[in-house]
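Trainee: Could you have a look at this structure, given as structure tokens, before my questions?
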Amino acid sequence: MENEYYVCTGCGLLCDDIEVELEDGKVSKVNNACLKGVARLKECNRPAECRIDGAPASLEDAIIEAARILKEADSPVLFGMGNSTSQAQKNAIEVAKRTGAYFDDTSSFCQGPVVEAILENKIRTCTLDEVKDKADVIVYWGADPSNSHPRHLSKYTYFPRGKERQRGWEEDRTAICIDVRKSDTATICGDKFYQIPPQADEELLNALANGLSGKVPKVSFGMGPKKILELANMLKKAEFGVICVGLGLVYSLEEIEPLVRLMDKLNEVSNFHLIPMVGQYNMRGSNHNLHEETGYINRVKFTGNDVEHGAHCSVVELLRARTVDAALIIGSDPMSSLPGSIAKELLDISVITIDPCNTLTSRKAKVSIPAATAGSECGGTAVRMDGVEVEFKAMTETDRMCDAEILERIMGEL
Amino acid sequence: MTNALEIYQLLPKTNCKQCGKATCMAFAAALLSREVVVDDCPPLKEDKFKENYEKLSEIITPAGEASESGMIVHTEKCIGCGNCVVACPVNVAEDPYGAGSGNAPTSDNVILRVEDGVVRLSNVSQCRRFGKNKILCNGCIVTCPTKAIEFV
């Protein structure tokens with residue numbers, strides 16, 4: 001069978017073996033992708049409309065109005081980026097520079113700290129292809145890929161045969177799950193599931209580091225030293241280990257140091273790597289692009305040639321402190337994802353959205369600009385969760401503009 | 001997956017023989033292998049067993065959905081993760097570099113593949129659970145995170 005394969009932009013995994021069937025210029029069937037991918041690649045149920053103040057408008061007017069809002073705002077913020085192509089992100093950075101805006105992406109309340117540590121070479125990482133070919137011990141910590149990245153286990157980590165893992169999951173690989181609840185992934189891991197209470201991740205990280213250095217590991221919750229040592233030994237014996245860090249672990253750590261310490265310790269006695277379970281398909285790309293430009297991965301403010309960085313530049317703090325008076329939101333729905341008390345601040349400022357779908361944020365926005373869906377209607381590049389750049393092409397033709405192009409037009413108007 | 005005892009608990013347990021089976025336990029076993037349907041038990045349709053009847057109808061999916069190898073895919077539970085596609089020993093043997101390596105199937109001989117986000121069965125006769133000399137392979141059952149695959 002000779003098939004043309006496409007890339008799925010449903011999540012940070014960017015599966016590159018998707019087959020599609022077209023009907024009347026629309027995607028009618030998506031094969032090999034999970035439900036999440038199918039939902040993303042088929043047309044959205046409610047496509048976004050081009051609107052200004054709730055009334056239908058032409059794309060031209062919407063772009064001019066968006067540029068006007070950004071130009072007249074005292075301190076605008078650009079936010080989103082997780083569902084944008086790398087080119088759109090680069091264009092957005094240019095717009096932020098031109099307007100002296102704050103710039104933040106979803107990683108500031110997601111995998112930001114982990115990606116930052118990886119880009120600063122504090123943590124050893126590897127690619128998913130290496131995991132497929134070599135990994136024998138796979139740890140999911142605070143992650144439930146069966147729900148967040150359905151094909152993570154089947155395409156790269158646990159089930160597939162790889163170059164040095166020819167005998168498959170039953171004999172060649174061990175999957176371990178550490179989580180606060182028995183998730184779907186934990187069910188697959190069977191007796192290699194270690195349940196911990198919420199907020200106990202740091203304690204277990206330290207206990208494991210102790211166990212690896214030959215001390216008796218102790219924790220305050222009901223996990224005996226024997227069980228922790230059993231886990232530590234499994235990690236120690238790994239030929240090629242990988243820890244897939246989910247939001248459960250990131251959220252429970254005040255700072256990333258305990259994780260870095262454990263990774264260092266693991267690499268003294270064994271061979272371990274770390275991959276962040278990035279949710280949106282190009283959130284890591286946004287981190288990479290901004291890092292290249294400014295040396296920071298998120299939460300910055302451009303003023304002239306200077307770049308300010310800090311927790312106060314994160315979208316949550318900006319909205320809470322009411323620092324910003326306008327927001328350009330690209331491919332994100334903060335009105336639904338941020339806590340209610342913070343999200344409601346968006347109602348008081350001028351919001352511009354660029355999104356393929358009709359979201360809560362785009363319905364409440366002053367200007368809503370529809371964009372083509374990256375992955376199905378327009379091509380580009382994106383960075384997979386393990387840092388590999390993936391190029392993808394469009395499946396169908398559309399008269400809607402890509403987000404990169406819209407941002408370029410806004411830049412032109414500025 | 002349900003077992004015969006679980007089904008038995010929901011039956012009237014009177015051994016009335018109206019269904020043609022000697023005991024309620026025998027009926028439960030027959031129900032599990034889909035030889036009979038829930039409606040074959042007359043007392044179950046009485047008002048006092050209404051709750052049990054509804055529960056049983058929910059548990060026992062009609063055999064019409066099952067393939068010749070006895071496989072039932074609960075499409076409403078399947079998330080299309082493809083674990084079964086990659087783990088299935090027949091898929092691995094037929095297509096080691098495609099399905100067996102986690103990629104899109106490249107052979108027409110695979111028995112499981114994901115279409116439109118849900119797993120689909122083809123070439124049923126190749127399944128290890130097919131025919132008289134079947135082995136009770138459970139590669140696709142134990143790897144399913146949502147328990148969407150069942151054999152009867």
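Letters A, B, ... go to the chains of the structure tokens in the order shown; residues in each chain start at 1; ligands are counted from 1 in the same order.
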Report as JSON lines: every residue of chain B with an atom at most 9 Å from chain A, its closest pair of atoms, and their distance in Å to one decimal, counting only C-alpha atoms, with rows sorted by chain and ascending residue number.

Mentor:
{"residue": "B:Cys78", "atom": "CA", "partner": "A:Leu35", "partner_atom": "CA", "distance": 8.4}
{"residue": "B:Ile79", "atom": "CA", "partner": "A:Leu35", "partner_atom": "CA", "distance": 5.4}
{"residue": "B:Gly80", "atom": "CA", "partner": "A:Cys34", "partner_atom": "CA", "distance": 4.2}
{"residue": "B:Cys81", "atom": "CA", "partner": "A:Pro150", "partner_atom": "CA", "distance": 4.6}
{"residue": "B:Gly82", "atom": "CA", "partner": "A:Ser154", "partner_atom": "CA", "distance": 5.9}
{"residue": "B:Asn83", "atom": "CA", "partner": "A:Ser154", "partner_atom": "CA", "distance": 4.8}
{"residue": "B:Cys84", "atom": "CA", "partner": "A:Ser154", "partner_atom": "CA", "distance": 8.2}
{"residue": "B:Val85", "atom": "CA", "partner": "A:Ser154", "partner_atom": "CA", "distance": 8.1}
{"residue": "B:Val86", "atom": "CA", "partner": "A:Pro160", "partner_atom": "CA", "distance": 6.0}
{"residue": "B:Ala87", "atom": "CA", "partner": "A:Phe159", "partner_atom": "CA", "distance": 6.0}
{"residue": "B:Val92", "atom": "CA", "partner": "A:Arg161", "partner_atom": "CA", "distance": 8.6}
{"residue": "B:Pro96", "atom": "CA", "partner": "A:Arg161", "partner_atom": "CA", "distance": 7.8}
{"residue": "B:Tyr97", "atom": "CA", "partner": "A:Arg161", "partner_atom": "CA", "distance": 8.2}
{"residue": "B:Ala99", "atom": "CA", "partner": "A:Pro160", "partner_atom": "CA", "distance": 8.1}
{"residue": "B:Gly100", "atom": "CA", "partner": "A:Pro160", "partner_atom": "CA", "distance": 5.8}
{"residue": "B:Ser101", "atom": "CA", "partner": "A:Pro160", "partner_atom": "CA", "distance": 4.4}
{"residue": "B:Gly102", "atom": "CA", "partner": "A:Lys155", "partner_atom": "CA", "distance": 4.1}
{"residue": "B:Asn103", "atom": "CA", "partner": "A:Lys155", "partner_atom": "CA", "distance": 6.3}
{"residue": "B:Ala104", "atom": "CA", "partner": "A:Asp17", "partner_atom": "CA", "distance": 5.6}
{"residue": "B:Pro105", "atom": "CA", "partner": "A:Asn32", "partner_atom": "CA", "distance": 8.2}
{"residue": "B:Thr106", "atom": "CA", "partner": "A:Met1", "partner_atom": "CA", "distance": 6.1}
{"residue": "B:Ser107", "atom": "CA", "partner": "A:Met1", "partner_atom": "CA", "distance": 6.8}
{"residue": "B:Asp108", "atom": "CA", "partner": "A:Met1", "partner_atom": "CA", "distance": 7.9}
{"residue": "B:Arg113", "atom": "CA", "partner": "A:Asn32", "partner_atom": "CA", "distance": 7.1}
{"residue": "B:Val114", "atom": "CA", "partner": "A:Asn32", "partner_atom": "CA", "distance": 4.9}
{"residue": "B:Glu115", "atom": "CA", "partner": "A:Asn31", "partner_atom": "CA", "distance": 4.4}
{"residue": "B:Asp116", "atom": "CA", "partner": "A:Val30", "partner_atom": "CA", "distance": 4.8}
{"residue": "B:Gly117", "atom": "CA", "partner": "A:Leu35", "partner_atom": "CA", "distance": 4.2}
{"residue": "B:Val118", "atom": "CA", "partner": "A:Leu35", "partner_atom": "CA", "distance": 7.1}
{"residue": "B:Val119", "atom": "CA", "partner": "A:Asn32", "partner_atom": "CA", "distance": 9.0}
{"residue": "B:Val142", "atom": "CA", "partner": "A:Ile188", "partner_atom": "CA", "distance": 7.2}
{"residue": "B:Thr143", "atom": "CA", "partner": "A:Ile188", "partner_atom": "CA", "distance": 6.0}
{"residue": "B:Cys144", "atom": "CA", "partner": "A:Ile188", "partner_atom": "CA", "distance": 7.4}
{"residue": "B:Pro145", "atom": "CA", "partner": "A:Asp184", "partner_atom": "CA", "distance": 5.0}
{"residue": "B:Thr146", "atom": "CA", "partner": "A:Asp184", "partner_atom": "CA", "distance": 6.6}

Trainee: Got time to write the residues from that selection, N, CA and C atoms, as an mmCIF file, in the first residue's frame?

Mentor:
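Generated output (selection30.cif):
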data_model
loop_
_atom_site.group_PDB
_atom_site.id
_atom_site.type_symbol
_atom_site.label_atom_id
_atom_site.label_comp_id
_atom_site.auth_asym_id
_atom_site.auth_seq_id
_atom_site.Cartn_x
_atom_site.Cartn_y
_atom_site.Cartn_z
ATOM 1 N N CYS B 78 -14.236 3.300 23.142
ATOM 2 C CA CYS B 78 -12.929 3.295 22.461
ATOM 3 C C CYS B 78 -12.466 4.721 22.196
ATOM 4 N N ILE B 79 -11.165 4.983 22.501
ATOM 5 C CA ILE B 79 -10.624 6.321 22.268
ATOM 6 C C ILE B 79 -9.636 6.331 21.101
ATOM 7 N N GLY B 80 -9.464 5.183 20.474
ATOM 8 C CA GLY B 80 -8.591 5.122 19.303
ATOM 9 C C GLY B 80 -7.111 5.244 19.609
ATOM 10 N N CYS B 81 -6.694 4.842 20.822
ATOM 11 C CA CYS B 81 -5.283 4.986 21.185
ATOM 12 C C CYS B 81 -4.401 4.036 20.396
ATOM 13 N N GLY B 82 -4.994 2.946 19.900
ATOM 14 C CA GLY B 82 -4.218 2.027 19.072
ATOM 15 C C GLY B 82 -3.340 1.069 19.851
ATOM 16 N N ASN B 83 -3.482 1.006 21.177
ATOM 17 C CA ASN B 83 -2.684 0.054 21.952
ATOM 18 C C ASN B 83 -2.901 -1.372 21.441
ATOM 19 N N CYS B 84 -4.169 -1.723 21.172
ATOM 20 C CA CYS B 84 -4.485 -3.081 20.729
ATOM 21 C C CYS B 84 -3.893 -3.349 19.348
ATOM 22 N N VAL B 85 -3.896 -2.317 18.498
ATOM 23 C CA VAL B 85 -3.372 -2.469 17.143
ATOM 24 C C VAL B 85 -1.890 -2.842 17.192
ATOM 25 N N VAL B 86 -1.151 -2.190 18.111
ATOM 26 C CA VAL B 86 0.288 -2.400 18.193
ATOM 27 C C VAL B 86 0.619 -3.677 18.971
ATOM 28 N N ALA B 87 -0.232 -4.021 19.947
ATOM 29 C CA ALA B 87 0.065 -5.165 20.801
ATOM 30 C C ALA B 87 -0.395 -6.490 20.185
ATOM 31 N N VAL B 92 1.492 -7.813 14.605
ATOM 32 C CA VAL B 92 2.949 -7.718 14.647
ATOM 33 C C VAL B 92 3.563 -8.667 13.629
ATOM 34 N N PRO B 96 5.322 -6.085 10.805
ATOM 35 C CA PRO B 96 6.223 -5.717 11.910
ATOM 36 C C PRO B 96 6.691 -4.257 11.878
ATOM 37 N N TYR B 97 6.882 -3.701 10.686
ATOM 38 C CA TYR B 97 7.407 -2.332 10.638
ATOM 39 C C TYR B 97 6.306 -1.273 10.616
ATOM 40 N N ALA B 99 2.238 -1.611 11.817
ATOM 41 C CA ALA B 99 1.467 -1.719 13.056
ATOM 42 C C ALA B 99 2.334 -2.173 14.238
ATOM 43 N N GLY B 100 3.233 -3.130 14.006
ATOM 44 C CA GLY B 100 4.037 -3.663 15.105
ATOM 45 C C GLY B 100 5.016 -2.661 15.673
ATOM 46 N N SER B 101 5.356 -1.634 14.887
ATOM 47 C CA SER B 101 6.290 -0.615 15.368
ATOM 48 C C SER B 101 5.584 0.665 15.765
ATOM 49 N N GLY B 102 4.286 0.592 15.908
ATOM 50 C CA GLY B 102 3.551 1.764 16.381
ATOM 51 C C GLY B 102 3.079 2.697 15.289
ATOM 52 N N ASN B 103 3.420 2.383 14.029
ATOM 53 C CA ASN B 103 3.028 3.281 12.944
ATOM 54 C C ASN B 103 1.721 2.834 12.298
ATOM 55 N N ALA B 104 1.320 3.561 11.266
ATOM 56 C CA ALA B 104 0.107 3.197 10.541
ATOM 57 C C ALA B 104 0.291 1.817 9.919
ATOM 58 N N PRO B 105 -0.737 0.967 9.940
ATOM 59 C CA PRO B 105 -0.618 -0.341 9.300
ATOM 60 C C PRO B 105 -0.285 -0.188 7.820
ATOM 61 N N THR B 106 0.688 -1.001 7.330
ATOM 62 C CA THR B 106 1.049 -0.909 5.919
ATOM 63 C C THR B 106 0.620 -2.154 5.164
ATOM 64 N N SER B 107 -0.037 -3.074 5.865
ATOM 65 C CA SER B 107 -0.451 -4.316 5.212
ATOM 66 C C SER B 107 -1.963 -4.451 5.297
ATOM 67 N N ASP B 108 -2.549 -5.101 4.287
ATOM 68 C CA ASP B 108 -3.992 -5.318 4.307
ATOM 69 C C ASP B 108 -4.365 -6.488 5.201
ATOM 70 N N ARG B 113 -7.288 -2.189 13.185
ATOM 71 C CA ARG B 113 -6.774 -0.886 12.766
ATOM 72 C C ARG B 113 -7.720 0.194 13.269
ATOM 73 N N VAL B 114 -7.191 1.425 13.391
ATOM 74 C CA VAL B 114 -8.018 2.515 13.900
ATOM 75 C C VAL B 114 -8.543 3.331 12.728
ATOM 76 N N GLU B 115 -9.860 3.417 12.635
ATOM 77 C CA GLU B 115 -10.473 4.222 11.581
ATOM 78 C C GLU B 115 -11.398 5.234 12.216
ATOM 79 N N ASP B 116 -11.186 6.486 11.885
ATOM 80 C CA ASP B 116 -12.032 7.558 12.422
ATOM 81 C C ASP B 116 -12.068 7.552 13.951
ATOM 82 N N GLY B 117 -10.931 7.261 14.556
ATOM 83 C CA GLY B 117 -10.833 7.351 16.007
ATOM 84 C C GLY B 117 -11.359 6.156 16.776
ATOM 85 N N VAL B 118 -11.764 5.097 16.057
ATOM 86 C CA VAL B 118 -12.294 3.920 16.740
ATOM 87 C C VAL B 118 -11.697 2.668 16.092
ATOM 88 N N VAL B 119 -11.425 1.653 16.912
ATOM 89 C CA VAL B 119 -10.788 0.454 16.375
ATOM 90 C C VAL B 119 -11.786 -0.392 15.565
ATOM 91 N N VAL B 142 -6.035 -6.745 27.579
ATOM 92 C CA VAL B 142 -5.271 -6.199 28.712
ATOM 93 C C VAL B 142 -4.619 -4.861 28.394
ATOM 94 N N THR B 143 -4.447 -4.549 27.107
ATOM 95 C CA THR B 143 -3.786 -3.295 26.772
ATOM 96 C C THR B 143 -4.769 -2.146 26.596
ATOM 97 N N CYS B 144 -6.058 -2.443 26.693
ATOM 98 C CA CYS B 144 -7.059 -1.401 26.471
ATOM 99 C C CYS B 144 -7.275 -0.579 27.744
ATOM 100 N N PRO B 145 -6.977 0.715 27.704
ATOM 101 C CA PRO B 145 -7.126 1.517 28.918
ATOM 102 C C PRO B 145 -8.576 1.758 29.320
ATOM 103 N N THR B 146 -9.499 1.647 28.372
ATOM 104 C CA THR B 146 -10.891 1.974 28.699
ATOM 105 C C THR B 146 -11.791 0.746 28.733
#

Trainee: Using only C-alpha atoms, which residues sit within 6 Å of A:Ile138 once same-chain residues fewer than 4 positions away are excluded, as an MDAnalysis selection string?

Mentor: chainID A and resid 175 241:242

Trainee: Name the closest residue to B:Ile59 among the candidates B:Cys137, B:Ala93, B:Leu32, B:Ala148; distances are taken between atoms, counting only C-alpha atoms.

Mentor: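 That would be B:Leu32, the residue with the smallest distance to B:Ile59.
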
Trainee: Mind giving me the straight-line distance from atom CA of A:Met81 to atom CA of A:Pro113 in Å, one decimal?

Mentor: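 It comes out at 16.9 Å.
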
Trainee: What residues in chain B get the DSSP label strand (DSSP E or B)? Please answer as a count of residues only.

Mentor: 14

Trainee: List the spatial neighbours of A:Asn91 as number ranges by chain - criterion: any atom at most 10 Å away, only C-alpha atoms, same-chain residues fewer than 6 positions off excluded.

Mentor: A: 85, 97, 403-411

Trainee: Keeping N, CA and C atoms for every residue in the selection just given, could you write it to a file as a short mmCIF file (atom, residue, chain, number, x, y, z; two decimals), in the first residue's frame?

Mentor:
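Dumped to selection-v2.cif:
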data_model
loop_
_atom_site.label_atom_id
_atom_site.label_comp_id
_atom_site.auth_asym_id
_atom_site.auth_seq_id
_atom_site.Cartn_x
_atom_site.Cartn_y
_atom_site.Cartn_z
N THR A 85 1.24 27.77 14.41
CA THR A 85 2.46 27.27 13.77
C THR A 85 3.64 28.11 14.24
N LYS A 97 6.87 42.98 19.89
CA LYS A 97 8.01 43.90 19.93
C LYS A 97 7.59 45.30 19.46
N ASP A 403 -3.16 31.64 10.60
CA ASP A 403 -2.89 32.63 11.67
C ASP A 403 -1.61 33.42 11.40
N ALA A 404 -0.62 32.76 10.78
CA ALA A 404 0.65 33.45 10.50
C ALA A 404 0.40 34.63 9.57
N GLU A 405 -0.45 34.39 8.57
CA GLU A 405 -0.73 35.42 7.58
C GLU A 405 -1.53 36.57 8.20
N ILE A 406 -2.49 36.22 9.05
CA ILE A 406 -3.30 37.25 9.71
C ILE A 406 -2.40 38.16 10.55
N LEU A 407 -1.46 37.54 11.27
CA LEU A 407 -0.56 38.32 12.11
C LEU A 407 0.35 39.21 11.26
N GLU A 408 0.72 38.69 10.09
CA GLU A 408 1.56 39.49 9.20
C GLU A 408 0.79 40.71 8.72
N ARG A 409 -0.50 40.50 8.43
CA ARG A 409 -1.35 41.62 7.98
C ARG A 409 -1.52 42.64 9.10
N ILE A 410 -1.72 42.16 10.34
CA ILE A 410 -1.86 43.08 11.47
C ILE A 410 -0.57 43.89 11.61
N MET A 411 0.57 43.18 11.48
CA MET A 411 1.87 43.84 11.55
C MET A 411 1.96 44.93 10.48
#

Trainee: Show which residues sit within 12 Å of A:Glu317, as a PDB file with C-alpha atoms, in the first residue's frame. Count only C-alpha atoms, and ignore same-chain residues fewer than 3 positions away.

Mentor:
ATOM      1  CA  VAL A  77      -0.686  41.381  26.038  1.00  0.00           C
ATOM      2  CA  TYR A 102       3.598  41.577  27.166  1.00  0.00           C
ATOM      3  CA  ASP A 104       3.026  34.929  27.322  1.00  0.00           C
ATOM      4  CA  SER A 108       3.360  29.690  32.037  1.00  0.00           C
ATOM      5  CA  PHE A 109       0.726  27.585  33.778  1.00  0.00           C
ATOM      6  CA  ARG A 299       6.393  35.659  30.498  1.00  0.00           C
ATOM      7  CA  GLY A 310       9.345  37.541  35.519  1.00  0.00           C
ATOM      8  CA  ALA A 311       6.360  35.972  37.173  1.00  0.00           C
ATOM      9  CA  HIS A 312       4.571  39.349  37.082  1.00  0.00           C
ATOM     10  CA  CYS A 313       4.516  39.098  33.265  1.00  0.00           C
ATOM     11  CA  SER A 314       2.458  35.907  33.260  1.00  0.00           C
ATOM     12  CA  ARG A 320      -5.215  39.778  38.319  1.00  0.00           C
ATOM     13  CA  ALA A 321      -3.267  42.999  38.779  1.00  0.00           C
ATOM     14  CA  ARG A 322      -5.183  44.625  35.906  1.00  0.00           C
ATOM     15  CA  THR A 323      -1.907  45.689  34.302  1.00  0.00           C
ATOM     16  CA  VAL A 324      -3.115  45.215  30.738  1.00  0.00           C
ATOM     17  CA  LEU A 338      -8.333  30.175  33.468  1.00  0.00           C
ATOM     18  CA  PRO A 339      -9.933  30.345  36.923  1.00  0.00           C
ATOM     19  CA  SER A 341     -12.028  35.171  38.997  1.00  0.00           C
ATOM     20  CA  ILE A 342      -9.094  35.803  36.629  1.00  0.00           C
ATOM     21  CA  ALA A 343     -10.953  35.067  33.393  1.00  0.00           C
ATOM     22  CA  GLU A 345     -11.037  40.386  33.995  1.00  0.00           C
TER      23      GLU A 345
END

Trainee: Between atom CA of A:Lys236 and atom CA of A:Leu259, measure the distance and give it in Å to one decimal.

Mentor: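 About the pair atom CA of A:Lys236 and atom CA of A:Leu259: they are 16.0 Å apart.
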
Trainee: Of the candidates B:Ser122, B:Lys17, B:Ser57, B:Gly70, which shows the shortest atom-to-atom distance to B:Lys134, using only C-alpha atoms?

Mentor: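 Once distances to B:Lys134 are computed over only C-alpha atoms, the minimum belongs to B:Gly70.
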
Trainee: Please provide the set of residues having any atom within 12 Å of B:Leu11, restricted to only C-alpha atoms, with same-chain residues fewer than 5 positions apart removed, written as number ranges by chain.

Mentor: B: 4-6, 16, 19, 23-29, 31, 38-46, 48-57

Trainee: Would you export the selected residues with N, CA and C atoms as a tab-separated table (two decimals), in the first residue's frame, please?

Mentor:
chain	number	residue	atom	x	y	z
B	4	ALA	N	-20.12	-15.22	34.93
B	4	ALA	CA	-21.41	-15.89	35.08
B	4	ALA	C	-22.03	-15.66	36.46
B	5	LEU	N	-21.16	-15.62	37.50
B	5	LEU	CA	-21.67	-15.43	38.86
B	5	LEU	C	-22.34	-14.07	39.02
B	6	GLU	N	-21.71	-13.08	38.41
B	6	GLU	CA	-22.24	-11.73	38.49
B	6	GLU	C	-23.64	-11.68	37.85
B	16	CYS	N	-36.71	-22.09	38.01
B	16	CYS	CA	-38.07	-22.41	37.57
B	16	CYS	C	-38.11	-23.20	36.26
B	19	CYS	N	-37.12	-21.20	31.18
B	19	CYS	CA	-36.29	-20.83	30.03
B	19	CYS	C	-35.82	-22.06	29.27
B	23	THR	N	-31.04	-24.89	35.47
B	23	THR	CA	-30.90	-23.98	36.64
B	23	THR	C	-30.67	-22.56	36.17
B	24	CYS	N	-30.81	-21.65	37.13
B	24	CYS	CA	-30.52	-20.25	36.81
B	24	CYS	C	-29.05	-20.07	36.50
B	25	MET	N	-28.20	-20.87	37.15
B	25	MET	CA	-26.75	-20.77	36.90
B	25	MET	C	-26.45	-21.16	35.45
B	26	ALA	N	-27.14	-22.21	34.98
B	26	ALA	CA	-26.94	-22.63	33.59
B	26	ALA	C	-27.38	-21.53	32.64
B	27	PHE	N	-28.48	-20.86	33.00
B	27	PHE	CA	-28.97	-19.76	32.18
B	27	PHE	C	-27.95	-18.62	32.15
B	28	ALA	N	-27.33	-18.38	33.32
B	28	ALA	CA	-26.34	-17.31	33.41
B	28	ALA	C	-25.16	-17.60	32.48
B	29	ALA	N	-24.71	-18.86	32.48
B	29	ALA	CA	-23.59	-19.25	31.62
B	29	ALA	C	-23.98	-19.10	30.15
B	31	LEU	N	-26.20	-17.10	28.99
B	31	LEU	CA	-26.34	-15.67	28.71
B	31	LEU	C	-24.97	-15.07	28.43
B	38	VAL	N	-31.56	-11.96	27.27
B	38	VAL	CA	-32.14	-11.66	28.58
B	38	VAL	C	-33.64	-11.93	28.60
B	39	ASP	N	-34.30	-11.64	27.48
B	39	ASP	CA	-35.76	-11.81	27.41
B	39	ASP	C	-36.21	-13.28	27.47
B	40	ASP	N	-35.27	-14.21	27.34
B	40	ASP	CA	-35.64	-15.64	27.42
B	40	ASP	C	-36.01	-16.07	28.83
B	41	CYS	N	-35.80	-15.25	29.81
B	41	CYS	CA	-36.15	-15.58	31.20
B	41	CYS	C	-37.47	-14.89	31.54
B	42	PRO	N	-38.60	-15.62	31.49
B	42	PRO	CA	-39.91	-14.98	31.71
B	42	PRO	C	-40.06	-14.27	33.06
B	43	PRO	N	-39.65	-14.91	34.19
B	43	PRO	CA	-39.87	-14.23	35.47
B	43	PRO	C	-39.14	-12.89	35.59
B	44	LEU	N	-38.05	-12.77	34.85
B	44	LEU	CA	-37.26	-11.54	34.93
B	44	LEU	C	-38.05	-10.33	34.45
B	45	LYS	N	-39.08	-10.61	33.62
B	45	LYS	CA	-39.84	-9.48	33.07
B	45	LYS	C	-40.92	-8.99	34.04
B	46	GLU	N	-41.06	-9.73	35.17
B	46	GLU	CA	-42.04	-9.28	36.17
B	46	GLU	C	-41.55	-8.00	36.83
B	48	LYS	N	-41.15	-7.05	39.93
B	48	LYS	CA	-40.21	-7.03	41.05
B	48	LYS	C	-38.75	-7.20	40.61
B	49	PHE	N	-38.56	-7.69	39.39
B	49	PHE	CA	-37.18	-7.83	38.91
B	49	PHE	C	-36.81	-6.74	37.91
B	50	LYS	N	-37.64	-5.72	37.84
B	50	LYS	CA	-37.46	-4.69	36.82
B	50	LYS	C	-36.04	-4.11	36.85
B	51	GLU	N	-35.57	-3.81	38.07
B	51	GLU	CA	-34.25	-3.20	38.21
B	51	GLU	C	-33.15	-4.14	37.68
B	52	ASN	N	-33.27	-5.42	38.08
B	52	ASN	CA	-32.29	-6.41	37.64
B	52	ASN	C	-32.33	-6.59	36.13
B	53	TYR	N	-33.54	-6.57	35.58
B	53	TYR	CA	-33.71	-6.74	34.15
B	53	TYR	C	-32.99	-5.63	33.40
B	54	GLU	N	-33.17	-4.40	33.90
B	54	GLU	CA	-32.51	-3.26	33.25
B	54	GLU	C	-31.00	-3.38	33.35
B	55	LYS	N	-30.53	-3.77	34.54
B	55	LYS	CA	-29.08	-3.91	34.74
B	55	LYS	C	-28.50	-4.96	33.80
B	56	LEU	N	-29.20	-6.10	33.71
B	56	LEU	CA	-28.72	-7.18	32.86
B	56	LEU	C	-28.70	-6.77	31.39
B	57	SER	N	-29.74	-6.08	30.97
B	57	SER	CA	-29.79	-5.64	29.57
B	57	SER	C	-28.62	-4.72	29.26

Trainee: For A:Ala117, list every protein, DNA or RNA residue within 12 Å, evaluated using only C-alpha atoms, and leave out those in the same chain fewer than 6 positions away; present the list as JSON, numbers by chain.

Mentor: {"A": [111, 123, 124, 125, 255, 256, 257, 259, 260, 261, 263, 274, 275, 276, 287, 291, 296, 297]}

Trainee: Considering only C-alpha atoms, state which residue in the set A:Thr398, A:Thr303, A:Asn271, A:Ser213 is at the smallest distance from A:Pro370.

Mentor: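 Looking at the shortest contact to A:Pro370, the residue is A:Thr398.
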
Trainee: How many Å lie between atom CA of B:Arg120 and atom CA of B:Ser33, rounded to one decimal?

Mentor: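 Taking atom CA of B:Arg120 as the start and atom CA of B:Ser33 as the end point, the length is 21.8 Å.
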